[in-house]
Amino acid sequence: MASIRVEGVQGQMAAVLSNVPAFPNDRFVLGFPEAIGDAARAIWFGALKPRWREIGDGAWESAGEMPDELRYRLVITPYEDYVDAVITLTNCSHRVWQNSMAFNCFNCGSSVLRDNECLRHWVRVKGKFQRLVELPRVFSDRPTVQLYSVEGAPPGAQIPFVANFKATPADVVAEGWMAIVAPDGKRLAATVSRPALFLFQNMEYSCIHSAPSFGTMQPGQTAKALTRLYFVRQPLGKWYERMKREMEL
């Protein structure tokens, strides 16, 4: 039986996680998806009013639709120390989507993980673990926000959704995950997508995103992607080796 508890927020593109063994006193808010669809004209949070329902064994499902644009189904399934979010997306428009995406927000601001200075935010660049505070940063008119290109995906400058933020360092290309380590150094939470299109973080809310990619989508095409959230009592290096095996990255 899964320990982590999921609860969808009716009418919103959001869910809440609680009863997390590694973080027993905390709750985590998911904006899943905060935006979705064509990366050139994604549909943002609030435009859709998805229906949520519990589907057994602690899992929840939501579905949203915008006529003549898109349709999606999201299933969030909890396990002992991770949560899987699988999104199935359909292109209902008459356009080819060069890049398709879901902007999945994992908000850690209401937990012990809160880290407004990015001192405990970690990624991996050129085979090396790096704290976000150590990486080059591009300051836009929203200085708390930063996006990062991901290995195997188009550069951020070629993805309209990313480029529009004007907050992506051109010389940083990371793996498709981001983690926040607890102050005690013995626990962490992380988000990783397969496949990943880009990373995002906002210092103000201690939210991290690994945005899944659905690839190039033709009109009428349906595709699927996975985002996994980890909540583990492990140091960064040990969790990383486990994640690579499990996600087959």
# chains A, B, ... in the order shown; residues from 1 in each chain; ligands from 1
$ residues_around --residues "Ala63 of chain A" --least-positions-apart "5" --cutoff "12 Å" --atoms "only C-alpha atoms" --output "number ranges by chain"
A: 8, 10-14, 32-33, 48-53, 70-76, 86-90
$ select_by_dssp --residues "segment 133-230 of chain A" --states "helix (DSSP H, G or I)" --output "JSON list (two decimals) with N, CA, C and O atoms, in the first residue's frame"
[["chain", "number", "residue", "atom", "x", "y", "z"],
["A", 133, "VAL", "N", 23.23, 27.86, -7.65],
["A", 133, "VAL", "CA", 23.86, 29.13, -7.31],
["A", 133, "VAL", "C", 25.24, 29.25, -7.95],
["A", 133, "VAL", "O", 25.77, 30.36, -8.10],
["A", 134, "GLU", "N", 25.82, 28.13, -8.37],
["A", 134, "GLU", "CA", 27.15, 28.14, -8.98],
["A", 134, "GLU", "C", 27.10, 28.33, -10.50],
["A", 134, "GLU", "O", 28.15, 28.55, -11.12],
["A", 156, "GLY", "N", 17.15, 25.98, -25.53],
["A", 156, "GLY", "CA", 16.03, 26.80, -25.09],
["A", 156, "GLY", "C", 15.66, 27.90, -26.05],
["A", 156, "GLY", "O", 14.48, 28.24, -26.20],
["A", 157, "ALA", "N", 16.64, 28.48, -26.74],
["A", 157, "ALA", "CA", 16.37, 29.57, -27.68],
["A", 157, "ALA", "C", 15.49, 29.13, -28.84],
["A", 157, "ALA", "O", 14.87, 29.96, -29.51],
["A", 158, "GLN", "N", 15.44, 27.81, -29.10],
["A", 158, "GLN", "CA", 14.62, 27.29, -30.19],
["A", 158, "GLN", "C", 13.23, 26.83, -29.74],
["A", 158, "GLN", "O", 12.44, 26.36, -30.55],
["A", 160, "PRO", "N", 9.88, 28.24, -28.22],
["A", 160, "PRO", "CA", 9.24, 29.53, -27.93],
["A", 160, "PRO", "C", 8.84, 29.72, -26.47],
["A", 160, "PRO", "O", 9.04, 30.79, -25.90],
["A", 161, "PHE", "N", 8.29, 28.69, -25.85],
["A", 161, "PHE", "CA", 7.86, 28.80, -24.46],
["A", 161, "PHE", "C", 9.03, 29.20, -23.57],
["A", 161, "PHE", "O", 8.89, 30.03, -22.66],
["A", 162, "VAL", "N", 10.19, 28.61, -23.81],
["A", 162, "VAL", "CA", 11.39, 28.90, -23.02],
["A", 162, "VAL", "C", 11.96, 30.27, -23.40],
["A", 162, "VAL", "O", 12.28, 31.10, -22.53],
["A", 163, "ALA", "N", 12.11, 30.51, -24.68],
["A", 163, "ALA", "CA", 12.74, 31.75, -25.15],
["A", 163, "ALA", "C", 11.99, 32.98, -24.68],
["A", 163, "ALA", "O", 12.61, 34.03, -24.40]]
$ select_by_dssp --residues "segment 19-237 of chain A" --states "strand (DSSP E or B)" --output "JSON, numbers by chain"
{"A": [20, 23, 28, 29, 30, 31, 32, 33, 34, 35, 36, 37, 38, 43, 44, 51, 52, 53, 54, 55, 56, 59, 60, 61, 62, 63, 64, 65, 66, 70, 71, 72, 73, 74, 75, 76, 77, 78, 82, 83, 84, 85, 86, 87, 88, 89, 90, 91, 97, 98, 99, 100, 101, 102, 103, 104, 105, 106, 107, 121, 122, 123, 124, 125, 128, 129, 130, 131, 145, 146, 147, 148, 149, 150, 173, 174, 177, 178, 179, 180, 181, 188, 189, 190, 191, 192, 193, 194, 196, 197, 198, 199, 200, 201, 202, 207, 208, 209, 210, 211, 212, 213, 214, 215, 216, 217, 222, 223, 224, 225, 226, 227, 228, 229, 230, 231, 232]}
$ residues_around --residues "Gln98 of chain A" --least-positions-apart "5" --cutoff "12 Å" --atoms "only C-alpha atoms" --output "PyMOL selection string"
chain A and resi 37-41+91+154+158-161+213-219
$ residues_around --residues "segment 170-183 of chain A" --least-positions-apart "5" --cutoff "6 Å" --atoms "only C-alpha atoms" --output "list in words"
Leu113, Arg120, His121, Trp122, Val123, Arg124, Val125, Ser149, Val150, Glu151, Leu188, Ala189, Ala190, Thr191, Val192, Ala196 and Ser210 of chain A
$ residues_around --residues "Ala85 of chain A" --least-positions-apart "2" --cutoff "12 Å" --atoms "only C-alpha atoms" --output "ChimeraX atom specification"
/A:6,14-15,30-33,59-62,73-79,82-83,87-88,102,104-106,191-194,210-212,224-230
$ atom_distance --atom1 "atom CA of Gly109 of chain A" --atom2 "atom CA of Phe200 of chain A"
14.9 Å
$ atom_distance --atom1 "atom CA of Lys244 of chain A" --atom2 "atom CA of Phe129 of chain A"
14.0 Å
$ residues_around --residues "Pro21 of chain A" --least-positions-apart "4" --cutoff "9 Å" --atoms "only C-alpha atoms" --output "JSON list (two decimals) with N, CA, C and O atoms, in the first residue's frame"
[["chain", "number", "residue", "atom", "x", "y", "z"],
["A", 3, "SER", "N", 2.33, 4.85, 0.74],
["A", 3, "SER", "CA", 2.28, 5.72, 1.91],
["A", 3, "SER", "C", 1.93, 7.15, 1.53],
["A", 3, "SER", "O", 1.20, 7.83, 2.25],
["A", 4, "ILE", "N", 2.47, 7.65, 0.43],
["A", 4, "ILE", "CA", 2.22, 9.04, 0.03],
["A", 4, "ILE", "C", 0.76, 9.22, -0.34],
["A", 4, "ILE", "O", 0.17, 8.38, -1.03],
["A", 25, "ASN", "N", 6.17, 15.95, 8.03],
["A", 25, "ASN", "CA", 5.46, 17.14, 8.50],
["A", 25, "ASN", "C", 5.16, 18.13, 7.39],
["A", 25, "ASN", "O", 4.67, 19.23, 7.65],
["A", 80, "GLU", "N", 5.94, 4.23, -2.35],
["A", 80, "GLU", "CA", 6.49, 4.46, -1.02],
["A", 80, "GLU", "C", 7.33, 5.73, -0.93],
["A", 80, "GLU", "O", 7.24, 6.46, 0.05],
["A", 81, "ASP", "N", 8.18, 5.99, -1.91],
["A", 81, "ASP", "CA", 9.03, 7.17, -1.83],
["A", 81, "ASP", "C", 9.13, 7.91, -3.15],
["A", 81, "ASP", "O", 10.07, 8.67, -3.37],
["A", 231, "PHE", "N", 11.08, 11.34, -3.23],
["A", 231, "PHE", "CA", 11.18, 11.85, -1.86],
["A", 231, "PHE", "C", 11.98, 10.80, -1.08],
["A", 231, "PHE", "O", 11.40, 9.82, -0.58],
["A", 232, "VAL", "N", 13.28, 10.99, -0.96],
["A", 232, "VAL", "CA", 14.13, 9.89, -0.48],
["A", 232, "VAL", "C", 15.02, 10.31, 0.68],
["A", 232, "VAL", "O", 15.42, 11.47, 0.80]]
$ closest_residue --among "A:Asp68, A:Glu204, A:Asp115, A:Glu241" --to "Gln146 of chain A" --atoms "only C-alpha atoms"
A:Glu204
$ closest_residue --among "A:Gln221, A:Leu197, A:Lys166, A:Ala42" --to "His209 of chain A" --atoms "only C-alpha atoms"
A:Leu197
$ closest_residue --among "A:Leu17, A:Leu147, A:Met101, A:Ala153" --to "Ala35 of chain A" --atoms "only C-alpha atoms"
A:Met101
$ closest_residue --among "A:Trp97, A:Tyr148, A:Phe165, A:Phe139" --to "Ile36 of chain A" --atoms "only C-alpha atoms"
A:Trp97
$ closest_residue --among "A:Val96, A:Ser111, A:Gly46, A:Phe103" --to "Ser18 of chain A" --atoms "only C-alpha atoms"
A:Ser111
